[in-house]
$ cat input23.txt   # compact mmCIF, C-alpha atoms
# COMPACT_ATOMS: atom_id res chain seq x y z
CA MET A 106 102.27 97.92 146.33
CA LEU A 107 103.45 99.08 142.93
CA HIS A 108 102.98 95.57 141.68
CA THR A 109 99.36 95.29 142.79
CA GLN A 110 98.51 98.64 141.26
CA LEU A 111 99.94 97.61 137.93
CA ILE A 112 97.79 94.49 138.01
CA LEU A 113 94.78 96.55 138.99
CA ALA A 114 95.37 98.90 136.10
CA ALA A 115 95.73 95.98 133.75
CA GLU A 116 92.49 94.48 134.90
CA THR A 117 90.49 97.63 134.26
CA GLN A 118 92.06 98.25 130.88
CA PRO A 119 89.70 98.23 127.88
CA ASN A 120 90.34 95.74 125.12
CA PRO A 121 91.88 97.78 122.26
CA VAL A 122 90.83 95.31 119.59
CA LEU A 123 87.12 95.70 120.29
CA PRO A 124 85.80 98.56 118.21
CA ASN A 125 83.45 101.18 119.52
CA PRO A 126 80.38 100.98 117.23
CA ALA A 127 79.75 104.71 117.54
CA GLU A 128 83.26 105.38 116.30
CA ILE A 129 82.84 103.09 113.31
CA ILE A 130 79.72 104.95 112.27
CA ILE A 131 81.17 108.39 112.89
CA GLY A 132 84.40 107.49 111.14
CA LEU A 133 82.55 106.24 108.08
CA ILE A 134 80.19 109.21 107.99
CA ALA A 135 83.16 111.57 108.16
CA PHE A 136 84.91 109.60 105.46
CA PHE A 137 81.91 109.66 103.13
CA ILE A 138 81.38 113.38 103.63
CA LEU A 139 84.98 113.96 102.62
CA LEU A 140 84.67 111.49 99.75
CA TYR A 141 81.60 113.36 98.50
CA ILE A 142 83.34 116.73 98.58
CA ILE A 143 86.41 115.41 96.83
CA THR A 144 84.39 113.51 94.21
CA LYS A 145 82.15 116.45 93.41
CA LYS A 146 84.54 119.34 93.61
CA VAL A 147 88.21 118.60 93.95
CA VAL A 148 88.90 115.78 91.51
CA PRO A 149 86.91 117.26 88.59
CA ARG A 150 88.85 120.50 88.96
CA PHE A 151 92.21 118.75 88.98
CA GLU A 152 91.23 116.46 86.12
CA ALA A 153 90.06 119.45 84.10
CA LEU A 154 93.42 121.07 84.74
CA TYR A 155 95.27 117.94 83.66
CA ALA A 156 93.15 117.64 80.54
CA GLU A 157 93.74 121.30 79.73
CA ARG A 158 97.44 120.92 80.30
CA SER A 159 97.78 117.86 78.09
CA ALA A 160 95.53 119.47 75.48
CA LYS A 161 97.82 122.46 75.45
CA ILE A 162 100.90 120.29 75.01
CA GLU A 163 99.24 118.13 72.39
CA GLY A 164 97.88 121.25 70.69
CA GLY A 165 101.41 122.63 70.45
CA ILE A 166 102.70 119.40 69.01
CA GLU A 167 99.82 119.24 66.57
CA LYS A 168 100.44 122.82 65.48
CA ALA A 169 104.11 122.08 64.89
CA GLU A 170 103.19 118.99 62.90
CA GLN A 171 100.77 121.01 60.86
CA ALA A 172 103.42 123.62 60.11
CA GLN A 173 105.85 120.92 59.13
CA ALA A 174 103.33 119.27 56.85
CA GLU A 175 102.60 122.62 55.24
CA ALA A 176 106.28 123.30 54.67
CA GLN A 177 106.63 119.85 53.17
CA ARG A 178 103.69 120.50 50.91
CA ALA A 179 105.15 123.83 49.77
CA LEU A 180 108.48 122.16 49.07
CA GLU A 181 106.79 119.47 47.00
CA GLN A 182 104.89 122.12 45.14
CA TYR A 183 108.06 124.07 44.37
CA ARG A 184 109.77 120.92 43.24
CA ALA A 185 106.86 120.04 40.99
CA GLN A 186 106.83 123.55 39.58
CA LEU A 187 110.56 123.43 38.98
CA ALA A 188 110.31 120.10 37.19
CA GLU A 189 107.44 121.43 35.13
CA ALA A 190 109.43 124.51 34.20
CA ARG A 191 112.37 122.36 33.20
CA ALA A 192 110.17 120.17 31.07
CA GLU A 193 108.60 123.24 29.51
CA ALA A 194 112.01 124.68 28.69
CA ALA A 195 113.12 121.41 27.13
CA ARG A 196 109.94 121.25 25.10
CA ILE A 197 110.40 124.81 23.90
CA ARG A 198 113.99 124.05 22.94
CA ASP A 199 112.89 120.98 21.01
CA ASP A 200 110.14 122.91 19.30
CA ALA A 201 112.56 125.64 18.34
CA ARG A 202 115.01 123.16 16.93
CA LEU A 203 112.27 121.45 14.98
CA GLU A 204 110.97 124.76 13.74
CA GLY A 205 114.48 125.80 12.74
CA VAL A 206 114.92 122.62 10.74
CA GLN A 207 111.55 123.19 9.15
CA ILE A 208 112.41 126.78 8.28
CA VAL A 209 115.72 125.73 6.76
CA ASP A 210 113.96 123.02 4.71
CA GLU A 211 111.31 125.46 3.58
CA MET A 212 113.91 128.05 2.62
CA ARG A 213 115.89 125.44 0.75
CA ALA A 214 112.78 124.33 -1.13
CA GLN A 215 111.88 127.91 -1.87
CA ALA A 216 115.39 128.68 -3.17
CA GLN A 217 115.31 125.55 -5.27
CA ALA A 218 112.01 126.55 -6.78
CA GLU A 219 113.23 130.06 -7.38
CA SER A 220 116.38 128.89 -9.05
CA GLU A 221 114.41 126.47 -11.19
CA ARG A 222 112.04 129.24 -12.09
CA ILE A 223 114.94 131.54 -13.03
CA VAL A 224 116.55 128.82 -15.08
CA ALA A 225 113.27 128.10 -16.88
CA GLN A 226 112.74 131.80 -17.56
CA GLY A 227 116.25 132.13 -18.95
CA GLN A 228 115.65 129.10 -21.12
CA ALA A 229 112.41 130.57 -22.45
CA GLN A 230 114.07 133.89 -23.12
CA LEU A 231 116.87 132.17 -24.92
CA ASP A 232 114.36 130.18 -27.00
CA ALA A 233 112.48 133.35 -27.91
CA GLN A 234 115.65 135.18 -28.88
CA ARG A 235 116.75 132.21 -30.90
CA ALA A 236 113.44 132.07 -32.71
CA GLN A 237 113.63 135.80 -33.38
CA ILE A 238 117.19 135.53 -34.65
CA VAL A 239 116.27 132.55 -36.80
CA ALA A 240 113.34 134.48 -38.32
CA GLU A 241 115.51 137.53 -38.94
CA LEU A 242 118.24 135.40 -40.42
CA ARG A 243 115.72 133.61 -42.56
CA GLY A 244 114.55 136.95 -44.10
CA ASP A 245 118.07 138.26 -44.59
CA LEU A 246 119.32 135.01 -45.98
CA GLY A 247 116.42 134.82 -48.44
CA ARG A 248 117.00 138.36 -49.66
CA MET A 249 120.70 137.88 -50.02
CA ALA A 250 120.23 134.54 -51.73
CA VAL A 251 117.69 136.03 -54.17
CA THR A 252 119.93 138.99 -54.87
CA LEU A 253 122.80 136.59 -55.41
CA ALA A 254 120.71 134.39 -57.60
CA GLU A 255 119.47 137.41 -59.70
CA ARG A 256 123.00 138.42 -60.22
CA VAL A 257 124.15 134.89 -61.00
CA VAL A 258 121.24 133.87 -63.18
CA GLY A 259 120.54 137.36 -64.48
CA GLU A 260 116.93 136.85 -64.39
CA SER A 261 114.43 138.90 -62.46
CA LEU A 262 112.04 137.16 -60.33
CA GLU A 263 109.50 139.89 -59.85
CA ASP A 264 106.63 138.00 -58.48
CA GLU A 265 106.87 138.32 -54.75
CA THR A 266 104.75 135.34 -53.94
CA ARG A 267 106.60 132.90 -56.05
CA LYS A 268 109.92 134.26 -54.77
CA ARG A 269 108.94 133.65 -51.13
CA GLY A 270 107.56 130.25 -51.94
CA THR A 271 110.81 129.20 -53.54
CA VAL A 272 112.94 130.52 -50.71
CA ASP A 273 110.75 128.98 -48.01
CA ARG A 274 110.79 125.67 -49.71
CA PHE A 275 114.51 125.84 -49.89
CA LEU A 276 114.91 126.81 -46.25
CA ASN A 277 112.51 124.11 -45.09
CA GLU A 278 114.57 121.58 -46.91
CA LEU A 279 117.61 123.09 -45.29
CA ASP A 280 115.92 122.87 -41.82
CA ALA A 281 114.94 119.29 -42.39
CA VAL A 282 118.48 118.39 -43.24
CA SER A 283 120.01 120.22 -40.25
CA ALA A 284 117.23 119.53 -37.71
CA PRO A 285 118.71 116.48 -35.96
CA ALA A 286 121.95 118.35 -35.41
CA GLY A 287 120.44 121.85 -34.70
CA LYS A 288 117.90 121.34 -32.04
CA MET B 94 97.57 111.23 130.91
CA GLY B 95 100.72 111.48 132.92
CA ARG B 96 99.29 114.35 134.84
CA LEU B 97 96.21 112.40 135.61
CA LEU B 98 98.21 109.44 136.83
CA LEU B 99 100.40 111.52 139.05
CA ALA B 100 97.43 113.21 140.62
CA GLU B 101 96.06 109.84 141.61
CA SER B 102 99.12 108.21 143.02
CA ASP B 103 102.84 108.30 143.26
CA SER B 104 103.31 104.91 141.67
CA TYR B 105 104.07 104.40 137.96
CA VAL B 106 101.33 103.04 135.80
CA ALA B 107 102.54 101.88 132.41
CA PRO B 108 100.64 103.36 129.44
CA GLY B 109 98.26 100.91 127.82
CA PRO B 110 94.96 100.80 125.98
CA GLN B 111 93.45 103.02 128.64
CA SER B 112 95.75 105.77 127.38
CA PHE B 113 93.51 106.03 124.32
CA ASP B 114 90.35 106.47 126.38
CA TYR B 115 89.72 110.12 126.77
CA PRO B 116 86.74 111.27 128.76
CA ALA B 117 83.92 112.71 126.70
CA ILE B 118 84.35 116.42 126.04
CA PHE B 119 80.58 116.97 126.13
CA GLY B 120 77.71 114.56 125.75
CA GLY B 121 79.04 111.48 124.00
CA VAL B 122 81.62 113.39 121.96
CA THR B 123 85.18 112.23 122.56
CA LYS B 124 88.53 113.53 121.43
CA PRO B 125 88.91 111.09 118.47
CA MET B 126 85.47 112.09 117.19
CA VAL B 127 86.47 115.75 117.29
CA GLN B 128 89.69 114.90 115.45
CA ILE B 129 87.82 112.94 112.80
CA ALA B 130 85.49 115.86 112.18
CA LEU B 131 88.42 118.25 112.15
CA SER B 132 90.32 116.10 109.66
CA VAL B 133 87.38 116.29 107.24
CA ILE B 134 87.39 120.07 107.52
CA ILE B 135 91.18 120.33 107.14
CA VAL B 136 91.36 118.08 104.08
CA ALA B 137 88.29 119.58 102.42
CA VAL B 138 89.44 123.16 102.99
CA PHE B 139 92.94 122.32 101.79
CA TYR B 140 91.86 120.80 98.51
CA LEU B 141 88.99 123.19 97.87
CA THR B 142 91.28 126.18 98.39
CA ALA B 143 94.07 124.66 96.35
CA SER B 144 91.76 123.76 93.48
CA SER B 145 89.65 126.93 93.48
CA ARG B 146 91.95 128.81 91.15
CA LEU B 147 93.95 126.20 89.30
CA LYS B 148 96.44 127.53 86.81
CA LEU B 149 98.30 125.73 84.06
CA VAL B 150 101.52 126.90 85.62
CA PRO B 151 101.08 126.18 89.33
CA GLY B 152 102.01 128.47 92.20
CA LYS B 153 103.61 127.15 95.37
CA PHE B 154 100.37 126.20 97.12
CA GLN B 155 98.87 124.65 94.02
CA PHE B 156 102.12 122.80 93.45
CA LEU B 157 101.90 121.28 96.94
CA ALA B 158 98.32 120.14 96.43
CA GLU B 159 99.12 118.95 92.93
CA SER B 160 102.04 116.84 94.06
CA ALA B 161 99.80 115.10 96.61
CA TYR B 162 97.13 114.69 93.97
CA SER B 163 99.43 113.38 91.28
CA THR B 164 101.19 111.02 93.71
CA VAL B 165 97.87 109.42 94.54
CA ARG B 166 96.62 109.55 90.97
CA ASN B 167 99.72 108.39 89.11
CA SER B 168 101.96 106.42 91.41
CA ILE B 169 99.33 104.85 93.68
CA GLY B 170 96.38 104.62 91.27
CA GLY B 171 98.18 104.44 87.93
CA GLU B 172 100.50 101.64 89.01
CA ASN B 173 97.69 99.40 90.23
CA ILE B 174 94.59 100.17 88.23
CA ALA B 175 94.48 100.08 84.43
CA ARG B 176 94.48 103.59 82.91
CA LYS B 177 91.05 103.22 81.35
CA ASP B 178 89.48 102.23 84.68
CA LEU B 179 91.36 104.67 86.86
CA ARG B 180 89.25 107.84 86.71
CA PRO B 181 86.27 106.71 88.90
CA TYR B 182 88.60 105.59 91.70
CA ILE B 183 90.75 108.71 91.93
CA PRO B 184 88.42 110.44 94.41
CA LEU B 185 88.32 107.35 96.62
CA LEU B 186 92.09 106.98 96.69
CA LEU B 187 92.68 110.68 97.26
CA THR B 188 90.14 110.76 100.09
CA LEU B 189 91.52 107.64 101.73
CA PHE B 190 95.09 108.89 101.58
CA SER B 191 94.36 112.40 102.82
CA PHE B 192 91.88 111.30 105.48
CA ILE B 193 94.18 108.66 106.96
CA LEU B 194 97.24 110.88 106.67
CA VAL B 195 95.73 113.79 108.57
CA ASN B 196 94.28 111.52 111.25
CA ASN B 197 97.63 109.80 111.66
CA LEU B 198 99.44 113.12 111.84
CA PHE B 199 97.24 114.11 114.77
CA GLY B 200 99.56 111.80 116.69
CA PHE B 201 102.41 114.19 115.98
CA ILE B 202 100.78 117.62 115.99
CA PRO B 203 101.01 119.31 119.41
CA PHE B 204 97.80 119.52 121.47
CA PHE B 205 96.20 116.69 119.52
CA GLN B 206 98.92 114.10 120.02
CA LEU B 207 96.60 111.18 119.55
CA PRO B 208 96.60 109.27 116.27
CA THR B 209 92.92 108.83 115.53
CA MET B 210 93.62 105.59 113.71
CA GLY B 211 94.91 104.18 117.01
CA HIS B 212 91.24 103.56 117.75
CA ILE B 213 90.52 100.34 115.93
CA ALA B 214 87.00 101.40 114.99
CA PHE B 215 88.21 103.92 112.42
CA PRO B 216 90.59 101.74 110.41
CA MET B 217 88.10 98.88 110.72
CA GLY B 218 85.31 100.94 109.19
CA LEU B 219 87.54 101.94 106.26
CA ALA B 220 88.92 98.43 105.78
CA VAL B 221 85.47 96.85 105.70
CA PHE B 222 84.33 99.48 103.23
CA VAL B 223 87.34 98.76 100.98
CA TRP B 224 86.70 95.01 101.32
CA LEU B 225 83.08 95.30 100.24
CA LEU B 226 84.03 97.72 97.48
CA PHE B 227 86.65 95.60 95.76
CA ILE B 228 84.43 92.50 95.83
CA PHE B 229 81.52 94.56 94.46
CA VAL B 230 83.70 96.07 91.75
CA GLY B 231 85.00 92.64 90.73
CA ILE B 232 81.53 91.10 90.55
CA ARG B 233 80.14 94.06 88.61
CA ARG B 234 82.97 93.83 86.07
CA HIS B 235 83.15 90.05 85.62
CA GLY B 236 79.90 88.65 86.97
CA PHE B 237 79.63 86.65 90.19
CA GLY B 238 80.85 83.26 89.00
CA HIS B 239 83.55 84.51 86.68
CA TYR B 240 84.95 86.88 89.27
CA PHE B 241 85.42 84.17 91.87
CA ALA B 242 86.65 81.72 89.24
CA LYS B 243 89.26 84.17 87.96
CA THR B 244 90.38 84.99 91.49
CA LEU B 245 90.47 81.49 92.91
CA VAL B 246 91.32 79.32 89.91
CA PRO B 247 94.27 80.68 87.96
CA GLU B 248 95.08 79.16 84.60
CA GLY B 249 97.90 76.68 84.26
CA VAL B 250 97.71 75.33 87.81
CA PRO B 251 97.53 71.53 87.99
CA LYS B 252 94.29 70.17 89.45
CA PRO B 253 95.75 68.57 92.60
CA VAL B 254 97.35 71.87 93.53
CA LEU B 255 93.97 73.58 93.26
CA ILE B 256 92.76 71.60 96.26
CA LEU B 257 95.31 73.50 98.31
CA TYR B 258 95.28 76.69 96.31
CA ILE B 259 91.60 77.54 96.37
CA PRO B 260 91.10 77.54 100.17
CA ILE B 261 94.33 79.44 100.72
CA GLU B 262 93.51 82.05 98.08
CA PHE B 263 89.94 82.37 99.36
CA PHE B 264 91.16 82.84 102.90
CA SER B 265 93.81 85.38 102.03
CA THR B 266 91.73 87.39 99.57
CA PHE B 267 88.24 87.39 100.98
CA ILE B 268 88.84 86.92 104.69
CA MET B 269 92.25 88.21 105.61
CA ARG B 270 92.38 91.35 103.50
CA PRO B 271 90.09 93.48 105.69
CA VAL B 272 91.71 92.03 108.81
CA THR B 273 95.25 92.86 107.71
CA LEU B 274 94.22 96.28 106.44
CA THR B 275 92.71 97.08 109.81
CA ALA B 276 95.46 95.53 111.89
CA ARG B 277 98.30 97.12 109.96
CA LEU B 278 97.04 100.66 110.33
CA PHE B 279 95.60 100.28 113.81
CA ALA B 280 98.57 98.43 115.29
CA THR B 281 101.24 100.77 113.97
CA MET B 282 99.41 103.81 115.26
CA PHE B 283 98.52 102.17 118.56
CA ALA B 284 101.97 100.76 119.23
CA GLY B 285 103.76 103.92 118.14
CA HIS B 286 101.66 106.02 120.46
CA ILE B 287 102.17 103.71 123.40
CA MET B 288 105.90 103.63 122.80
CA LEU B 289 106.01 107.42 122.88
CA LEU B 290 103.94 107.46 126.05
CA VAL B 291 106.30 105.02 127.70
CA PHE B 292 109.21 107.34 127.19
CA VAL B 293 107.32 110.50 128.06
CA THR B 294 105.51 109.26 131.18
CA GLY B 295 108.46 107.13 132.22
CA GLY B 296 110.80 110.10 131.93
CA GLU B 297 108.39 112.24 133.85
CA TYR B 298 108.05 109.67 136.59
CA ILE B 299 111.80 109.28 136.90
CA LEU B 300 112.25 113.02 137.01
CA LEU B 301 109.69 113.51 139.76
CA HIS B 302 109.89 110.39 141.87
CA ALA B 303 113.17 108.56 141.36
CA SER B 304 116.15 109.06 143.61
CA ALA B 305 118.63 111.76 142.58
CA GLY B 306 121.08 109.33 141.00
CA VAL B 307 118.49 107.90 138.66
CA LYS B 308 117.03 111.28 137.67
CA VAL B 309 119.83 111.71 135.10
CA ALA B 310 118.05 109.05 133.04
CA ALA B 311 115.07 111.38 132.55
CA PRO B 312 116.59 113.61 129.83
CA ILE B 313 117.61 110.47 127.94
CA ALA B 314 114.01 109.31 128.01
CA PHE B 315 112.78 112.67 126.73
CA LEU B 316 115.38 112.69 123.94
CA MET B 317 114.24 109.21 122.97
CA ALA B 318 110.65 110.44 122.92
CA ILE B 319 111.56 113.30 120.58
CA GLY B 320 113.52 110.99 118.31
CA LEU B 321 110.72 108.47 118.25
CA SER B 322 108.24 111.21 117.39
CA PHE B 323 110.03 111.71 114.12
CA VAL B 324 110.18 107.99 113.44
CA GLU B 325 106.44 107.97 114.13
CA LEU B 326 105.95 110.83 111.70
CA LEU B 327 107.55 108.73 109.00
CA ILE B 328 105.41 105.72 109.90
CA GLN B 329 102.25 107.84 109.93
CA VAL B 330 102.85 109.01 106.38
CA LEU B 331 103.94 105.55 105.30
CA GLN B 332 100.86 103.83 106.69
CA ALA B 333 98.52 106.27 104.98
CA TYR B 334 100.39 105.52 101.75
CA VAL B 335 100.31 101.75 102.29
CA PHE B 336 96.59 101.66 103.07
CA THR B 337 95.81 103.59 99.90
CA LEU B 338 98.26 101.54 97.85
CA LEU B 339 96.69 98.26 98.97
CA THR B 340 93.21 99.59 98.27
CA ALA B 341 94.28 100.52 94.73
CA ASN B 342 95.92 97.12 94.38
CA TYR B 343 92.79 95.26 95.49
CA ILE B 344 90.54 97.25 93.17
CA GLY B 345 93.00 96.90 90.29
CA GLY B 346 93.20 93.16 90.88
CA ALA B 347 89.42 92.82 90.97
CA LEU B 348 89.12 94.72 87.66
CA ALA B 349 91.99 93.00 85.87
CA GLU B 350 91.21 90.44 83.19
CA GLY B 351 93.67 87.69 84.07
CA HIS B 352 94.45 86.36 87.48
$ encode --input "input23.txt" --output "structure tokens"
Amino acid sequence: MLHTQLILAAETQPNPVLPNPAEIIIGLIAFFILLYIITKKVVPRFEALYAERSAKIEGGIEKAEQAQAEAQRALEQYRAQLAEARAEAARIRDDARLEGVQIVDEMRAQAQAESERIVAQGQAQLDAQRAQIVAELRGDLGRMAVTLAERVVGESLEDETRKRGTVDRFLNELDAVSAPAGK
Amino acid sequence: MGRLLLAESDSYVAPGPQSFDYPAIFGGVTKPMVQIALSVIIVAVFYLTASSRLKLVPGKFQFLAESAYSTVRNSIGGENIARKDLRPYIPLLLTLFSFILVNNLFGFIPFFQLPTMGHIAFPMGLAVFVWLLFIFVGIRRHGFGHYFAKTLVPEGVPKPVLILYIPIEFFSTFIMRPVTLTARLFATMFAGHIMLLVFVTGGEYILLHASAGVKVAAPIAFLMAIGLSFVELLIQVLQAYVFTLLTANYIGGALAEGH
């Protein structure tokens, strides 16, 4: 009895591989409704969130990179400034040295000129004094010579002009004789 | 079902395809149709609620929804479809996965306890849709001739081999894909459900009608049913994943440049 009932049940069983057309349609309609909702609402929201999240992370990285670049730039700038300052200092030192040399040269030249001037002045003074002394000596010598001659010869040479002429002539001869050795 | 059987007769009727035929609740509306409609509401409400106030740092609920979303997006979609092409197919993959998952889980959730995808019409509808979609996508990307050429005639294959290769590739890609997609999902859900029913109705029958000595087998049958329920739970999740994964794979393959 059990056996026959099993067979009976098997005979009335539906074929599970044959689809019910109504179910295909309903299943697809349901699926497309859900697909529509998820396409229009859900996925854009999640994608926006993902984009925001990655933007935030990338923004942070970018900011850090920017800061780093700025620090690098500042460092370069300081280095450049430092190098410039060093160069400036070296230039100033060189200039000072050059200037010092120049000053020393100038001073030396000035001192040289001064000393030459002093020497020249002394020479001139000496020349003047010598000329004065020579003139004085010439007068004295003439007078003494005349006086001596008056006494020796016993003759008065009254005429002033003649007297001077004689003496001068004599002295000039004397000068001419002693000139190569005197001056 | 068991109740119904027992009311009719004292003899044991093994569960079979008729176990999936529920009488209409009202009009032409049957239990699977109600479940399908319910699944749309459940999935839509879940994601809409989860995504209504998205924060950069997720809370628990958002984290749950996000892990589902990013699993579909990155490990299912990202692994199979090139990154630049992925975005338009995310909604499809997410919908497929969630829709199939919830309908499969109806087989486990008390009071429903019927996997909707055990009715071949539902997986068939989805599989045919996926089939048409990946062919359409391939033709739109590569043009009709080039798409079929790139799919059926790979480079570097000697000509004599092509005589064998082309029919086999055509058969497996353009004919068998929808069939296997349908069969895989339908058969696992169908068989799993029947297996559960065997243990549940069998145990019940033994408990009520067998002689006293045999009745001790009934608790074993119920324990088996509970254990199998959890195995089924795993399979239900797995099948939803596999269906979505294959869809992504088919679309990715249709879009890809090489073979």
$ closest_atom_pairs --input "input23.txt" --of "chain A" --to "chain B" --cutoff "9 Å" --atoms "all atoms listed in the file" --output "tab-separated table"
residue	atom	partner	partner_atom	distance
A:Met106	CA	B:Ser104	CA	8.5
A:Leu107	CA	B:Ser104	CA	6.0
A:Gln110	CA	B:Val106	CA	7.6
A:Leu111	CA	B:Val106	CA	6.0
A:Ala114	CA	B:Val106	CA	7.3
A:Ala115	CA	B:Gly109	CA	8.1
A:Thr117	CA	B:Gln111	CA	8.3
A:Gln118	CA	B:Gln111	CA	5.5
A:Pro119	CA	B:Gln111	CA	6.1
A:Asn120	CA	B:Pro110	CA	6.9
A:Pro121	CA	B:Pro110	CA	5.7
A:Val122	CA	B:Ile213	CA	6.2
A:Leu123	CA	B:Ile213	CA	7.2
A:Pro124	CA	B:Ala214	CA	4.5
A:Asn125	CA	B:Ala214	CA	5.8
A:Pro126	CA	B:Ala214	CA	7.0
A:Ala127	CA	B:Ala214	CA	8.4
A:Glu128	CA	B:Ala214	CA	5.6
A:Ile129	CA	B:Ala214	CA	4.8
A:Ile130	CA	B:Gly218	CA	7.5
A:Ile131	CA	B:Met126	CA	7.1
A:Gly132	CA	B:Phe215	CA	5.4
A:Leu133	CA	B:Gly218	CA	6.1
A:Ala135	CA	B:Ala130	CA	6.3
A:Phe136	CA	B:Phe192	CA	7.2
A:Phe137	CA	B:Thr188	CA	8.8
A:Ile138	CA	B:Val133	CA	7.6
A:Leu139	CA	B:Val133	CA	5.7
A:Leu140	CA	B:Thr188	CA	5.5
A:Tyr141	CA	B:Pro184	CA	8.5
A:Ile142	CA	B:Ala137	CA	6.9
A:Ile143	CA	B:Pro184	CA	5.9
A:Thr144	CA	B:Pro184	CA	5.1
A:Lys145	CA	B:Pro184	CA	8.7
A:Lys146	CA	B:Leu141	CA	7.3
A:Val147	CA	B:Leu141	CA	6.1
A:Val148	CA	B:Pro184	CA	6.1
A:Arg150	CA	B:Ser144	CA	6.3
A:Phe151	CA	B:Ser144	CA	6.7
A:Glu152	CA	B:Arg180	CA	8.9
A:Leu154	CA	B:Leu149	CA	6.8
A:Tyr155	CA	B:Leu149	CA	8.4
A:Glu157	CA	B:Leu149	CA	7.7
A:Arg158	CA	B:Leu149	CA	6.2
$ residues_around --input "input23.txt" --residues "stretch 243-253 of chain B" --least-positions-apart "2" --cutoff "9 Å" --atoms "only C-alpha atoms" --output "list in words"
His235, Gly238, His239, Tyr240, Phe241, Leu255, Ile256, Leu257, Tyr258, Ile259, Pro260, Ile261, Glu262, Phe263, Thr266, Gly346, Ala347, Glu350, Gly351 and His352 of chain B
$ residues_around --input "input23.txt" --residues "B:Phe201" --least-positions-apart "5" --cutoff "7 Å" --atoms "all atoms listed in the file" --output "list in words"
Gln206, Ser322 and Leu326 of chain B
$ residues_around --input "input23.txt" --residues "B:Ala341" --least-positions-apart "3" --cutoff "8 Å" --atoms "only C-alpha atoms" --output "list of chain:residue names"
B:Ile169, B:Gly170, B:Asn173, B:Ile174, B:Leu186, B:Thr337, B:Leu338, B:Ile344, B:Gly345
$ atom_distance --input "input23.txt" --atom1 "atom CA of A:Gln186" --atom2 "atom CA of A:Lys168"
26.7 Å
$ atom_distance --input "input23.txt" --atom1 "atom CA of A:Pro149" --atom2 "atom CA of B:Ile228"
25.9 Å
$ atom_distance --input "input23.txt" --atom1 "atom CA of A:Gly205" --atom2 "atom CA of A:Val224"
28.1 Å
$ axis_aligned_box --input "input23.txt" --around "stretch 132-141 of chain A" --padding-each-side "3 Å" --output "AutoDock Vina command-line options"
--center_x 82.6 --center_y 110.1 --center_z 104.8 --size_x 10.8 --size_y 13.7 --size_z 18.6
